[in-house]
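Student: Structure incoming, see below.
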Amino acid sequence: RQALKTILRHRPVWSCIAVWALANLSYGLMFSSSVYYIKYYIATDMSQWALVGTYMFVISMGALVSMAVLQPLFLKVFRYDHNKVILLSQTLTFLCYVVLLFFGRRSFVFLCTISFIATACCSMIQALQNGYIADTIDYVQLKEGVTFGAVVNSIKTFSTKVGSACANYGILAMLAATGYIENVVGEGQSTAAMAGINFFRFGLPALCCVAIVLLAA
């Protein structure tokens with residue numbers, strides 16, 4: 001308990017905790033809201049629910065490309081400065097999300113293309129955020145003269161679980177609060193639920209990007 005108090009009394013540590021939670025909130029929302037987004041916001045009838053599989057494949061491939069290709073490339077370009085890569089990737093993700101928030105219905109091809117780019121940019125933070133673990137350990141050791149590696153790792157694990165839990169339960173709470181009607185497509189669906197689904201898919205993750213950039217800057 002004393003080690004936890006010692007770590008948490010340093011303000012920069014709270015910034016790292018917030019980044020860990022927000023990164024996993026944004027990443028979790030991307031997957032947890034996508035099925036609802038395609039089934040109710042994009043589809044006009046149940047026959048188009050087959051698009052869910054296509055869309056989930058697109059964003060899954062975007063995450064794969066992010067981890068296997070873009071992350072190593074960005075790190076090399078920025079001389080392995082993970083903080084600069086996070087700032088750039090989150091800025092690009094924000095721009096993509098804002099476009100899709102307002103123009104996601106333009107066409108399914110357009111939606112998949114921009115979503116792929118957004119996912120390829122945002123997913124790399126899942127690995128890059130681990131760099132803040134070493135930064136936090138080093139910072140506390142510099143200020144206190146003691147290493148709290150295990151405690152910092154525990155804080156990071158807890159923070160990511162909080163972000164993921166908020167993503168999973170947040171979408172369900174939103175649907176319940178906005179009058180979502182299961183298996184009703186088109187005009188029969190609640191207008192508030194439609195707006196909520198669109199916001200949770202792109203609006204809220206975009207705000208997470210802004211917060212992460214401000215915290216990491």
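Labels used: A, B, ... for chains in the order of the structure tokens, numbers from 1 for residues in each chain, and numbers from 1 for ligands as shown.
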Identify, on the basis of only C-alpha atoms, every residue whose closest approach to Cys208 of chain A does not exceed 8 Å; exclude the query and any residue fewer than 2 positions from it along the same chain; express the result as number ranges by chain.
Tutor: A: 22-23, 25-26, 204-206, 210-212
Student: Find the nearest atom pair between each residue of segment 79-197 of chain A and segment 53-61 of chain A for residues within 10 Å, count only C-alpha atoms, give distances in Å to one decimal, sort rows by chain and ascending number, and present the table as a tab-separated table.
Tutor:
residue	atom	partner	partner_atom	distance
A:Phe108	CA	A:Tyr55	CA	8.9
A:Val109	CA	A:Tyr55	CA	9.7
A:Leu111	CA	A:Tyr55	CA	8.7
A:Cys112	CA	A:Tyr55	CA	6.4
A:Thr113	CA	A:Val58	CA	8.3
A:Ile114	CA	A:Ile59	CA	9.8
A:Ser115	CA	A:Ile59	CA	6.5
A:Phe116	CA	A:Ile59	CA	5.4
A:Ile117	CA	A:Ile59	CA	8.7
A:Ala118	CA	A:Ile59	CA	8.5
A:Thr119	CA	A:Ile59	CA	5.9
A:Ala120	CA	A:Ile59	CA	8.0
A:Ser123	CA	A:Ser60	CA	9.8
Student: Keeping only N, CA and C atoms, write the selected residues to a file as a CSV table (one decimal), in the first residue's frame.
Tutor:
chain,number,residue,atom,x,y,z
A,108,PHE,N,-20.2,1.7,-48.6
A,108,PHE,CA,-19.5,0.7,-47.8
A,108,PHE,C,-18.0,0.6,-48.1
A,109,VAL,N,-17.7,0.8,-49.4
A,109,VAL,CA,-16.3,0.7,-49.8
A,109,VAL,C,-15.5,1.9,-49.1
A,111,LEU,N,-16.4,3.4,-46.3
A,111,LEU,CA,-16.3,3.1,-44.9
A,111,LEU,C,-15.2,2.1,-44.6
A,112,CYS,N,-15.1,1.0,-45.4
A,112,CYS,CA,-14.0,0.0,-45.2
A,112,CYS,C,-12.6,0.6,-45.4
A,113,THR,N,-12.5,1.4,-46.4
A,113,THR,CA,-11.2,2.0,-46.7
A,113,THR,C,-10.7,2.8,-45.6
A,114,ILE,N,-11.5,3.8,-45.2
A,114,ILE,CA,-11.1,4.7,-44.1
A,114,ILE,C,-11.0,4.0,-42.8
A,115,SER,N,-11.8,3.0,-42.5
A,115,SER,CA,-11.8,2.2,-41.3
A,115,SER,C,-10.5,1.4,-41.2
A,116,PHE,N,-10.0,0.9,-42.4
A,116,PHE,CA,-8.8,0.1,-42.4
A,116,PHE,C,-7.6,1.1,-42.1
A,117,ILE,N,-7.6,2.3,-42.6
A,117,ILE,CA,-6.5,3.2,-42.4
A,117,ILE,C,-6.5,3.6,-40.9
A,118,ALA,N,-7.7,3.9,-40.4
A,118,ALA,CA,-7.9,4.3,-38.9
A,118,ALA,C,-7.4,3.2,-38.0
A,119,THR,N,-7.8,1.9,-38.3
A,119,THR,CA,-7.4,0.8,-37.5
A,119,THR,C,-5.9,0.6,-37.6
A,120,ALA,N,-5.3,0.7,-38.8
A,120,ALA,CA,-3.9,0.5,-39.0
A,120,ALA,C,-3.1,1.6,-38.2
A,123,SER,N,-4.1,0.9,-33.8
A,123,SER,CA,-3.8,-0.4,-33.1
A,123,SER,C,-2.4,-0.4,-32.6
Student: Name the residues in contact with Ala150 of chain A at a cut-off of 12 Å, using only C-alpha atoms, excluding same-chain residues fewer than 4 positions from it; report them as a VMD selection string.
Tutor: chain A and resid 3 to 4 7 133 to 134 136 to 137 146 154 to 157
Student: For a test of reading the model, state the distance in Å between atom CA of Phe110 of chain A and atom CA of Cys96 of chain A, rounded to one decimal.
Tutor: 11.3 Å
Student: Quick one: distance from atom CA of Leu128 of chain A to atom CA of His82 of chain A in Å, one decimal?
Tutor: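 Those two atoms sit 5.9 Å apart.
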Student: Smallest atom-to-atom distance to Ile86 of chain A: which of A:Phe148, A:Phe102, A:Tyr139, A:Tyr132, using only C-alpha atoms?
Tutor: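 Checking each of A:Phe148, A:Phe102, A:Tyr139, A:Tyr132 against Ile86 of chain A, counting only C-alpha atoms, the winner is A:Tyr132.
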Student: If we count only C-alpha atoms, what is near Asp45 of chain A at a cut-off of 8 Å, once residues fewer than 3 positions away on the same chain are taken out, given as a PyMOL selection string?
Tutor: chain A and resi 48-49+185-186
Student: From a DSSP pass on the backbone, collect the residues of segment 154-196 of chain A flagged as alpha helix (DSSP H) and hand them back as number ranges by chain.
Tutor: A: 154-177, 191-196
Student: Determine, counting only C-alpha atoms, which protein, DNA and RNA residues have an atom within 9 Å of an atom of Ser33 of chain A; residues of the same chain fewer than 2 positions away are not included. Present the result as a ChimeraX atom specification.
Tutor: /A:28-31,35-38,167-168,171,197-198,200-201
Student: Given the choices A:Leu51, A:Ala127, A:Ala68, A:Leu75, which gets closest to Leu88 of chain A if the distance is worked out from only C-alpha atoms?
Tutor: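 Comparing A:Leu51, A:Ala127, A:Ala68, A:Leu75 against Leu88 of chain A, the winner is A:Leu75.
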Student: What does the structure give for the distance between atom CA of Gly203 of chain A and atom CA of Gln129 of chain A, in Å to one decimal?
Tutor: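 Separation between atom CA of Gly203 of chain A and atom CA of Gln129 of chain A: 21.8 Å.
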